[in-house]
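J.: Shown below is the structure under consideration.
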Amino acid sequence: MILPYTDSILSFIIKFDVAIGMALFCFIKEQLLNLRDICFPMCCCSCGEMVDSEGLCPKCWKRIKWVSDPRCRICGVPFELDISSLCPQCISKPPHFDQAISVFEYDDFSKTMILKFKHGDATYMGKLLAVWMHRVAAGLTADLIIPVPIHFLKRLKRRYNQTELLAMELERLCGVPQEPRILEKEKQTSPQEGLTRSTRLRNIKGSFGVNPGYARLLVGKKVILVDDVLTTGATVNECARILKKHGAEKVMVLTAARVNLDRVHLSTGPLLQPE
Ligand SMILES: [Zn+2]
Ligand SMILES: [Zn+2]
């Protein structure tokens, strides 16, 4: 025999249990987060100072130089004055990529952050850098994210490729799939440090290739090519050339930092790092 109001009582009990369960879950989650903050306090990515939220401390926020307009419509180099949409380099010899966007300037300050991420096992920084990159790339539409590859011997030595970490985080943030197996660094090149633009171009030419097994994924696709630092653009330009040769329709370059070559001469130490 079914008692009157049985359904209502059952429904009330279920709703009550769910509410209690949710409250308990939130409580446990909060306690675990507190415990994590006590055991692993969040630190500023640059100076290591303790901070309340992931990122930079107020002192470092003031020191970072964000790349902003006016800048070249193609290569993204910042202009002093808003008098042209293209820089002389892009007017005389446009690059193979269609657009390049960077978050901040690579200078003596940001160099510490980038080198920690690139060579210092600070892989956790990929998350923060990708969030910033995702924000500056808000206007872009793409089918595929491709990280700039490193030679497998270099990868073996470094144990990770920082651009793949950025691409993975970007995939998570924007939902565009990333594929690190398409582009390959086939030849080991000598470090780009200290080389002129033309020597860099010669040094890097022919060192990248497309994996034949994945080449079909490129045809007619809009690609975001991800790198940590844009120096002269020689590396991303060569990658873009190869990607377009294999059918990519558009290649947009997204980097965390970019070297403003005009300011390199004002720096006290060497700015350019091996790509
Ligand atoms: Zn700091
Ligand atoms: Zn330009």
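Quick note on naming: the chains in the structure tokens go A, B, ... in the order shown, residues restart at 1 in each chain, and ligands are numbered from 1 in order of appearance.
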List all protein, DNA and RNA residues that have at least one atom no more than 9 Å from any atom of ligand 1, counting only C-alpha atoms and all ligand atoms, and write them as an mmCIF file with C-alpha atoms, in the first residue's frame.

T.:
```cif
data_model
loop_
_atom_site.group_PDB
_atom_site.id
_atom_site.type_symbol
_atom_site.label_atom_id
_atom_site.label_comp_id
_atom_site.auth_asym_id
_atom_site.auth_seq_id
_atom_site.Cartn_x
_atom_site.Cartn_y
_atom_site.Cartn_z
ATOM 1 C CA CYS A 43 54.564 32.878 -4.970
ATOM 2 C CA CYS A 44 55.183 35.669 -7.463
ATOM 3 C CA CYS A 45 56.342 34.100 -10.746
ATOM 4 C CA SER A 46 59.166 36.587 -11.050
ATOM 5 C CA CYS A 47 60.630 37.400 -7.623
ATOM 6 C CA GLY A 48 59.209 34.537 -5.523
ATOM 7 C CA GLU A 49 57.449 36.874 -3.028
ATOM 8 C CA MET A 50 54.306 35.354 -1.448
ATOM 9 C CA VAL A 51 51.087 36.505 -3.165
ATOM 10 C CA GLY A 55 50.623 35.652 -10.887
ATOM 11 C CA LEU A 56 52.880 38.537 -10.037
ATOM 12 C CA CYS A 57 53.334 40.597 -6.886
ATOM 13 C CA PRO A 58 52.350 44.308 -7.103
ATOM 14 C CA LYS A 59 56.016 45.338 -7.443
ATOM 15 C CA CYS A 60 56.554 43.051 -10.454
ATOM 16 C CA TRP A 61 53.240 44.070 -12.052
#
```

J.: Check which residues fall inside 10 Å of ligand 2 when counting only C-alpha atoms and all ligand atoms, and print them as a list of chain:residue names.

T.: A:Arg71, A:Cys72, A:Arg73, A:Ile74, A:Cys75, A:Gly76, A:Val77, A:Pro78, A:Phe79, A:Ser85, A:Leu86, A:Cys87, A:Pro88, A:Gln89, A:Cys90, A:Ile91, A:Ser92, A:Lys93, A:Pro94, A:Pro95, A:Gln99, A:Ala100

J.: Those residues with N, CA and C atoms, as a PDB file, in the first residue's frame please?

T.:
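Wrote it out as selection04.pdb, contents follow:
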```pdb
ATOM      1  N   ARG A  71      51.036  49.361 -33.088  1.00  0.00           N
ATOM      2  CA  ARG A  71      52.029  48.369 -33.508  1.00  0.00           C
ATOM      3  C   ARG A  71      51.753  47.918 -34.936  1.00  0.00           C
ATOM      4  N   CYS A  72      52.743  47.251 -35.525  1.00  0.00           N
ATOM      5  CA  CYS A  72      52.616  46.807 -36.914  1.00  0.00           C
ATOM      6  C   CYS A  72      51.503  45.753 -37.006  1.00  0.00           C
ATOM      7  N   ARG A  73      50.656  45.887 -38.015  1.00  0.00           N
ATOM      8  CA  ARG A  73      49.508  44.991 -38.183  1.00  0.00           C
ATOM      9  C   ARG A  73      49.944  43.550 -38.447  1.00  0.00           C
ATOM     10  N   ILE A  74      51.143  43.382 -39.013  1.00  0.00           N
ATOM     11  CA  ILE A  74      51.594  42.014 -39.303  1.00  0.00           C
ATOM     12  C   ILE A  74      52.542  41.495 -38.211  1.00  0.00           C
ATOM     13  N   CYS A  75      53.703  42.097 -38.087  1.00  0.00           N
ATOM     14  CA  CYS A  75      54.697  41.506 -37.175  1.00  0.00           C
ATOM     15  C   CYS A  75      54.509  41.926 -35.720  1.00  0.00           C
ATOM     16  N   GLY A  76      53.701  42.958 -35.483  1.00  0.00           N
ATOM     17  CA  GLY A  76      53.382  43.348 -34.112  1.00  0.00           C
ATOM     18  C   GLY A  76      54.416  44.219 -33.433  1.00  0.00           C
ATOM     19  N   VAL A  77      55.431  44.673 -34.158  1.00  0.00           N
ATOM     20  CA  VAL A  77      56.460  45.508 -33.524  1.00  0.00           C
ATOM     21  C   VAL A  77      55.826  46.837 -33.069  1.00  0.00           C
ATOM     22  N   PRO A  78      56.078  47.227 -31.816  1.00  0.00           N
ATOM     23  CA  PRO A  78      55.438  48.465 -31.333  1.00  0.00           C
ATOM     24  C   PRO A  78      56.007  49.707 -32.027  1.00  0.00           C
ATOM     25  N   PHE A  79      55.124  50.674 -32.288  1.00  0.00           N
ATOM     26  CA  PHE A  79      55.537  51.943 -32.903  1.00  0.00           C
ATOM     27  C   PHE A  79      55.570  53.029 -31.833  1.00  0.00           C
ATOM     28  N   SER A  85      50.229  51.471 -40.563  1.00  0.00           N
ATOM     29  CA  SER A  85      49.750  50.196 -40.024  1.00  0.00           C
ATOM     30  C   SER A  85      50.797  49.104 -40.200  1.00  0.00           C
ATOM     31  N   LEU A  86      51.824  49.368 -41.030  1.00  0.00           N
ATOM     32  CA  LEU A  86      52.880  48.376 -41.253  1.00  0.00           C
ATOM     33  C   LEU A  86      54.253  48.985 -41.005  1.00  0.00           C
ATOM     34  N   CYS A  87      55.173  48.143 -40.518  1.00  0.00           N
ATOM     35  CA  CYS A  87      56.537  48.617 -40.297  1.00  0.00           C
ATOM     36  C   CYS A  87      57.311  48.516 -41.623  1.00  0.00           C
ATOM     37  N   PRO A  88      58.465  49.193 -41.752  1.00  0.00           N
ATOM     38  CA  PRO A  88      59.217  49.152 -43.021  1.00  0.00           C
ATOM     39  C   PRO A  88      59.566  47.729 -43.452  1.00  0.00           C
ATOM     40  N   GLN A  89      59.902  46.871 -42.470  1.00  0.00           N
ATOM     41  CA  GLN A  89      60.278  45.487 -42.778  1.00  0.00           C
ATOM     42  C   GLN A  89      59.117  44.729 -43.437  1.00  0.00           C
ATOM     43  N   CYS A  90      57.901  44.912 -42.901  1.00  0.00           N
ATOM     44  CA  CYS A  90      56.735  44.201 -43.445  1.00  0.00           C
ATOM     45  C   CYS A  90      56.287  44.792 -44.773  1.00  0.00           C
ATOM     46  N   ILE A  91      56.606  46.084 -45.004  1.00  0.00           N
ATOM     47  CA  ILE A  91      56.268  46.690 -46.300  1.00  0.00           C
ATOM     48  C   ILE A  91      57.215  46.140 -47.367  1.00  0.00           C
ATOM     49  N   SER A  92      58.528  46.113 -47.049  1.00  0.00           N
ATOM     50  CA  SER A  92      59.496  45.692 -48.075  1.00  0.00           C
ATOM     51  C   SER A  92      59.501  44.180 -48.287  1.00  0.00           C
ATOM     52  N   LYS A  93      59.400  43.406 -47.215  1.00  0.00           N
ATOM     53  CA  LYS A  93      59.424  41.948 -47.367  1.00  0.00           C
ATOM     54  C   LYS A  93      58.508  41.330 -46.311  1.00  0.00           C
ATOM     55  N   PRO A  94      57.219  41.211 -46.633  1.00  0.00           N
ATOM     56  CA  PRO A  94      56.283  40.676 -45.620  1.00  0.00           C
ATOM     57  C   PRO A  94      56.661  39.251 -45.215  1.00  0.00           C
ATOM     58  N   PRO A  95      56.476  38.922 -43.927  1.00  0.00           N
ATOM     59  CA  PRO A  95      56.822  37.568 -43.473  1.00  0.00           C
ATOM     60  C   PRO A  95      55.813  36.527 -43.978  1.00  0.00           C
ATOM     61  N   GLN A  99      50.134  37.352 -38.970  1.00  0.00           N
ATOM     62  CA  GLN A  99      50.007  38.268 -37.831  1.00  0.00           C
ATOM     63  C   GLN A  99      50.817  37.721 -36.663  1.00  0.00           C
ATOM     64  N   ALA A 100      51.389  38.607 -35.879  1.00  0.00           N
ATOM     65  CA  ALA A 100      52.095  38.147 -34.671  1.00  0.00           C
ATOM     66  C   ALA A 100      51.647  38.989 -33.487  1.00  0.00           C
TER      67      ALA A 100
END
```

J.: Could you check the closest approach to Glu105 in chain A for each of A:Gly120, A:Asp82, A:Thr189, A:Lys65 and tell me which residue wins, using only C-alpha atoms?

T.: A:Lys65

J.: Do a neighbour search on range 210-226 of chain A at 9 Å with only C-alpha atoms, toss out local chain neighbours closer than 6 positions, and write the hits as a PyMOL selection string.

T.: chain A and resi 140-148+163-164+166-167+181-185+236+239-240+242-244+246-256

J.: Write out the residues from the selection above, keeping N, CA and C atoms, as a JSON list (two decimals), in the first residue's frame.

T.:
```
[["chain", "number", "residue", "atom", "x", "y", "z"],
["A", 140, "LEU", "N", 41.22, 36.48, -32.25],
["A", 140, "LEU", "CA", 41.63, 35.53, -33.29],
["A", 140, "LEU", "C", 40.67, 34.34, -33.38],
["A", 141, "THR", "N", 40.46, 33.87, -34.61],
["A", 141, "THR", "CA", 39.72, 32.61, -34.77],
["A", 141, "THR", "C", 40.65, 31.62, -35.45],
["A", 142, "ALA", "N", 40.69, 30.40, -34.93],
["A", 142, "ALA", "CA", 41.63, 29.41, -35.47],
["A", 142, "ALA", "C", 41.05, 28.01, -35.39],
["A", 143, "ASP", "N", 41.62, 27.10, -36.21],
["A", 143, "ASP", "CA", 41.18, 25.70, -36.21],
["A", 143, "ASP", "C", 42.15, 24.82, -35.42],
["A", 144, "LEU", "N", 43.39, 25.31, -35.28],
["A", 144, "LEU", "CA", 44.44, 24.45, -34.76],
["A", 144, "LEU", "C", 45.51, 25.27, -34.06],
["A", 145, "ILE", "N", 46.02, 24.72, -32.95],
["A", 145, "ILE", "CA", 47.14, 25.37, -32.26],
["A", 145, "ILE", "C", 48.36, 24.47, -32.44],
["A", 146, "ILE", "N", 49.47, 25.05, -32.89],
["A", 146, "ILE", "CA", 50.69, 24.25, -33.08],
["A", 146, "ILE", "C", 51.84, 24.89, -32.32],
["A", 147, "PRO", "N", 52.47, 24.14, -31.40],
["A", 147, "PRO", "CA", 53.62, 24.70, -30.70],
["A", 147, "PRO", "C", 54.89, 24.62, -31.55],
["A", 148, "VAL", "N", 55.77, 25.62, -31.43],
["A", 148, "VAL", "CA", 57.06, 25.56, -32.15],
["A", 148, "VAL", "C", 57.87, 24.41, -31.53],
["A", 163, "THR", "N", 56.90, 25.29, -25.18],
["A", 163, "THR", "CA", 55.84, 25.77, -26.08],
["A", 163, "THR", "C", 54.67, 24.77, -26.11],
["A", 164, "GLU", "N", 54.97, 23.49, -25.89],
["A", 164, "GLU", "CA", 53.90, 22.49, -25.82],
["A", 164, "GLU", "C", 53.04, 22.72, -24.58],
["A", 166, "LEU", "N", 52.48, 25.58, -23.19],
["A", 166, "LEU", "CA", 51.62, 26.74, -23.49],
["A", 166, "LEU", "C", 50.46, 26.33, -24.38],
["A", 167, "ALA", "N", 50.75, 25.51, -25.39],
["A", 167, "ALA", "CA", 49.70, 25.08, -26.33],
["A", 167, "ALA", "C", 48.63, 24.25, -25.61],
["A", 181, "ARG", "N", 52.37, 17.15, -32.90],
["A", 181, "ARG", "CA", 53.08, 16.18, -33.75],
["A", 181, "ARG", "C", 53.16, 16.59, -35.21],
["A", 182, "ILE", "N", 52.50, 17.70, -35.58],
["A", 182, "ILE", "CA", 52.51, 18.10, -36.99],
["A", 182, "ILE", "C", 53.88, 18.65, -37.41],
["A", 183, "LEU", "N", 54.33, 19.64, -36.65],
["A", 183, "LEU", "CA", 55.58, 20.32, -37.00],
["A", 183, "LEU", "C", 56.74, 19.67, -36.25],
["A", 184, "GLU", "N", 57.86, 19.47, -36.98],
["A", 184, "GLU", "CA", 59.02, 18.82, -36.35],
["A", 184, "GLU", "C", 60.28, 19.62, -36.60],
["A", 185, "LYS", "N", 61.15, 19.64, -35.59],
["A", 185, "LYS", "CA", 62.48, 20.25, -35.79],
["A", 185, "LYS", "C", 63.37, 19.12, -36.24],
["A", 236, "VAL", "N", 59.73, 31.62, -36.25],
["A", 236, "VAL", "CA", 58.29, 31.51, -36.56],
["A", 236, "VAL", "C", 58.03, 31.73, -38.04],
["A", 239, "CYS", "N", 58.78, 28.44, -39.68],
["A", 239, "CYS", "CA", 57.68, 27.50, -39.37],
["A", 239, "CYS", "C", 56.46, 27.82, -40.21],
["A", 240, "ALA", "N", 56.13, 29.13, -40.31],
["A", 240, "ALA", "CA", 54.95, 29.55, -41.08],
["A", 240, "ALA", "C", 55.12, 29.17, -42.55],
["A", 242, "ILE", "N", 56.78, 26.65, -43.80],
["A", 242, "ILE", "CA", 56.58, 25.20, -43.94],
["A", 242, "ILE", "C", 55.10, 24.84, -43.81],
["A", 243, "LEU", "N", 54.43, 25.46, -42.83],
["A", 243, "LEU", "CA", 53.01, 25.15, -42.61],
["A", 243, "LEU", "C", 52.17, 25.54, -43.83],
["A", 244, "LYS", "N", 52.50, 26.71, -44.40],
["A", 244, "LYS", "CA", 51.74, 27.16, -45.59],
["A", 244, "LYS", "C", 52.06, 26.29, -46.80],
["A", 246, "HIS", "N", 52.49, 23.29, -46.78],
["A", 246, "HIS", "CA", 51.72, 22.05, -46.65],
["A", 246, "HIS", "C", 50.21, 22.31, -46.55],
["A", 247, "GLY", "N", 49.79, 23.51, -46.93],
["A", 247, "GLY", "CA", 48.36, 23.76, -47.09],
["A", 247, "GLY", "C", 47.67, 24.62, -46.05],
["A", 248, "ALA", "N", 48.39, 25.07, -45.01],
["A", 248, "ALA", "CA", 47.73, 25.93, -44.01],
["A", 248, "ALA", "C", 47.29, 27.22, -44.70],
["A", 249, "GLU", "N", 46.07, 27.67, -44.39],
["A", 249, "GLU", "CA", 45.55, 28.86, -45.07],
["A", 249, "GLU", "C", 46.09, 30.13, -44.43],
["A", 250, "LYS", "N", 46.19, 30.10, -43.11],
["A", 250, "LYS", "CA", 46.60, 31.29, -42.38],
["A", 250, "LYS", "C", 47.46, 30.86, -41.19],
["A", 251, "VAL", "N", 48.50, 31.61, -40.90],
["A", 251, "VAL", "CA", 49.32, 31.31, -39.71],
["A", 251, "VAL", "C", 49.44, 32.57, -38.87],
["A", 252, "MET", "N", 48.93, 32.48, -37.65],
["A", 252, "MET", "CA", 49.03, 33.60, -36.72],
["A", 252, "MET", "C", 49.98, 33.19, -35.60],
["A", 253, "VAL", "N", 50.89, 34.08, -35.26],
["A", 253, "VAL", "CA", 51.90, 33.75, -34.26],
["A", 253, "VAL", "C", 51.50, 34.34, -32.91],
["A", 254, "LEU", "N", 51.56, 33.53, -31.89],
["A", 254, "LEU", "CA", 51.22, 34.01, -30.54],
["A", 254, "LEU", "C", 52.38, 33.68, -29.61],
["A", 255, "THR", "N", 52.99, 34.71, -29.03],
["A", 255, "THR", "CA", 54.10, 34.47, -28.10],
["A", 255, "THR", "C", 53.86, 35.20, -26.78],
["A", 256, "ALA", "N", 54.51, 34.68, -25.73],
["A", 256, "ALA", "CA", 54.39, 35.35, -24.44],
["A", 256, "ALA", "C", 55.18, 36.67, -24.49]]
```

J.: Could you tell me how far CA of Thr196 in chain A lies from CA of Trp66 in chain A, in Å and to one decimal?

T.: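 Distance reported for this atom pair: 25.2 Å.
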
J.: Report as a ChimeraX atom specification all protein, DNA and RNA residues lying within 10 Å of Ala122 in chain A, evaluated on only C-alpha atoms, omitting residues in the same chain fewer than 4 positions from it.

T.: /A:45,113-118,126,162

J.: Taking the DSSP secondary structure from the backbone, can you list the residues of range 6-143 of chain A that are strand (DSSP E or B), as a list of chain:residue names?

T.: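 DSSP on the backbone gives strand (DSSP E or B) at A:Cys43, A:Cys44, A:Met50, A:Gly55, A:Trp66, A:Arg71, A:Pro78, A:Gln99, A:Ala100, A:Ile101, A:Ser102, A:Val103, A:Phe104, A:Glu105.
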
J.: Using only C-alpha atoms, which of A:Thr123, A:Phe16, A:Lys187, A:Ser84 sits nearest Arg158 in chain A?

T.: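 Closest residue, counting only C-alpha atoms: A:Thr123.
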
J.: Between CA of Val229 in chain A and CA of Met133 in chain A, what is the spacing in Å?

T.: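 Rounded to one decimal, the two atoms are 11.8 Å apart.
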
J.: Using DSSP on the backbone coordinates, identify the residues of range 37-230 of chain A assigned to helix (DSSP H, G or I); present them as a JSON list (two decimals) with C-alpha atoms, in the first residue's frame.

T.:
```json
[["chain", "number", "residue", "atom", "x", "y", "z"],
["A", 37, "ASP", "CA", 47.86, 27.31, 0.46],
["A", 38, "ILE", "CA", 49.47, 26.52, 3.82],
["A", 39, "CYS", "CA", 51.68, 23.72, 2.43],
["A", 58, "PRO", "CA", 52.35, 44.31, -7.10],
["A", 59, "LYS", "CA", 56.02, 45.34, -7.44],
["A", 60, "CYS", "CA", 56.55, 43.05, -10.45],
["A", 61, "TRP", "CA", 53.24, 44.07, -12.05],
["A", 62, "LYS", "CA", 54.64, 47.59, -12.25],
["A", 63, "ARG", "CA", 57.85, 46.43, -13.91],
["A", 88, "PRO", "CA", 59.22, 49.15, -43.02],
["A", 89, "GLN", "CA", 60.28, 45.49, -42.78],
["A", 90, "CYS", "CA", 56.74, 44.20, -43.44],
["A", 91, "ILE", "CA", 56.27, 46.69, -46.30],
["A", 92, "SER", "CA", 59.50, 45.69, -48.07],
["A", 108, "ASP", "CA", 66.00, 42.43, -18.42],
["A", 109, "PHE", "CA", 63.01, 42.02, -16.10],
["A", 110, "SER", "CA", 60.90, 39.50, -18.02],
["A", 111, "LYS", "CA", 64.01, 37.56, -19.08],
["A", 112, "THR", "CA", 64.19, 36.07, -15.55],
["A", 113, "MET", "CA", 60.62, 34.78, -15.84],
["A", 114, "ILE", "CA", 61.06, 33.33, -19.32],
["A", 115, "LEU", "CA", 64.37, 31.64, -18.51],
["A", 116, "LYS", "CA", 62.86, 30.09, -15.37],
["A", 117, "PHE", "CA", 60.02, 28.70, -17.48],
["A", 118, "LYS", "CA", 62.26, 27.61, -20.34],
["A", 119, "HIS", "CA", 65.30, 26.19, -18.60],
["A", 125, "MET", "CA", 54.36, 29.13, -15.18],
["A", 126, "GLY", "CA", 52.83, 27.83, -18.41],
["A", 127, "LYS", "CA", 49.38, 28.23, -16.87],
["A", 128, "LEU", "CA", 49.78, 31.92, -16.11],
["A", 129, "LEU", "CA", 51.51, 32.79, -19.39],
["A", 130, "ALA", "CA", 48.80, 30.96, -21.34],
["A", 131, "VAL", "CA", 46.06, 32.91, -19.53],
["A", 132, "TRP", "CA", 47.73, 36.16, -20.61],
["A", 133, "MET", "CA", 48.26, 34.86, -24.16],
["A", 134, "HIS", "CA", 44.62, 33.78, -24.35],
["A", 135, "ARG", "CA", 43.54, 37.29, -23.39],
["A", 136, "VAL", "CA", 45.62, 39.09, -26.01],
["A", 152, "PHE", "CA", 64.34, 15.74, -29.85],
["A", 153, "LEU", "CA", 67.89, 15.78, -28.43],
["A", 154, "LYS", "CA", 67.26, 19.20, -26.91],
["A", 155, "ARG", "CA", 63.95, 17.95, -25.56],
["A", 156, "LEU", "CA", 65.66, 14.95, -24.02],
["A", 157, "LYS", "CA", 68.09, 17.26, -22.25],
["A", 158, "ARG", "CA", 65.43, 19.76, -21.12],
["A", 162, "GLN", "CA", 57.83, 24.87, -22.94],
["A", 163, "THR", "CA", 55.84, 25.77, -26.08],
["A", 164, "GLU", "CA", 53.90, 22.49, -25.82],
["A", 165, "LEU", "CA", 52.94, 23.39, -22.25],
["A", 166, "LEU", "CA", 51.62, 26.74, -23.49],
["A", 167, "ALA", "CA", 49.70, 25.08, -26.33],
["A", 168, "MET", "CA", 48.10, 22.56, -23.95],
["A", 169, "GLU", "CA", 46.95, 25.32, -21.60],
["A", 170, "LEU", "CA", 45.64, 27.38, -24.52],
["A", 171, "GLU", "CA", 43.65, 24.38, -25.77],
["A", 172, "ARG", "CA", 42.10, 24.07, -22.33],
["A", 173, "LEU", "CA", 41.25, 27.78, -22.22],
["A", 174, "CYS", "CA", 39.81, 28.30, -25.72],
["A", 197, "ARG", "CA", 68.70, 38.84, -38.60],
["A", 198, "SER", "CA", 70.04, 37.55, -41.93],
["A", 199, "THR", "CA", 72.35, 34.99, -40.27],
["A", 200, "ARG", "CA", 69.46, 33.76, -38.12],
["A", 201, "LEU", "CA", 67.37, 33.27, -41.25],
["A", 202, "ARG", "CA", 70.13, 31.27, -42.93],
["A", 203, "ASN", "CA", 70.77, 29.27, -39.75],
["A", 204, "ILE", "CA", 67.14, 28.22, -39.33],
["A", 215, "ALA", "CA", 50.09, 16.80, -42.98],
["A", 216, "ARG", "CA", 46.43, 16.38, -44.03],
["A", 217, "LEU", "CA", 45.34, 18.12, -40.81],
["A", 218, "LEU", "CA", 46.83, 21.37, -42.12]]
```

J.: Please, what distance in Å, to one decimal, runs between CA of Gly206 in chain A and CA of Glu238 in chain A?

T.: 7.8 Å

J.: For Gly209 in chain A, which residue among A:Val259, A:Ile150, A:Ile101, A:Ala137 is the nearest when counting only C-alpha atoms?

T.: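 Using only C-alpha atoms, the shortest distance to Gly209 in chain A belongs to A:Ile150.
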
J.: Name the residues in contact with Glu186 in chain A at a cut-off of 7 Å, using only C-alpha atoms, excluding same-chain residues fewer than 6 positions from it; report them as a PyMOL selection string.

T.: chain A and resi 151+207-209
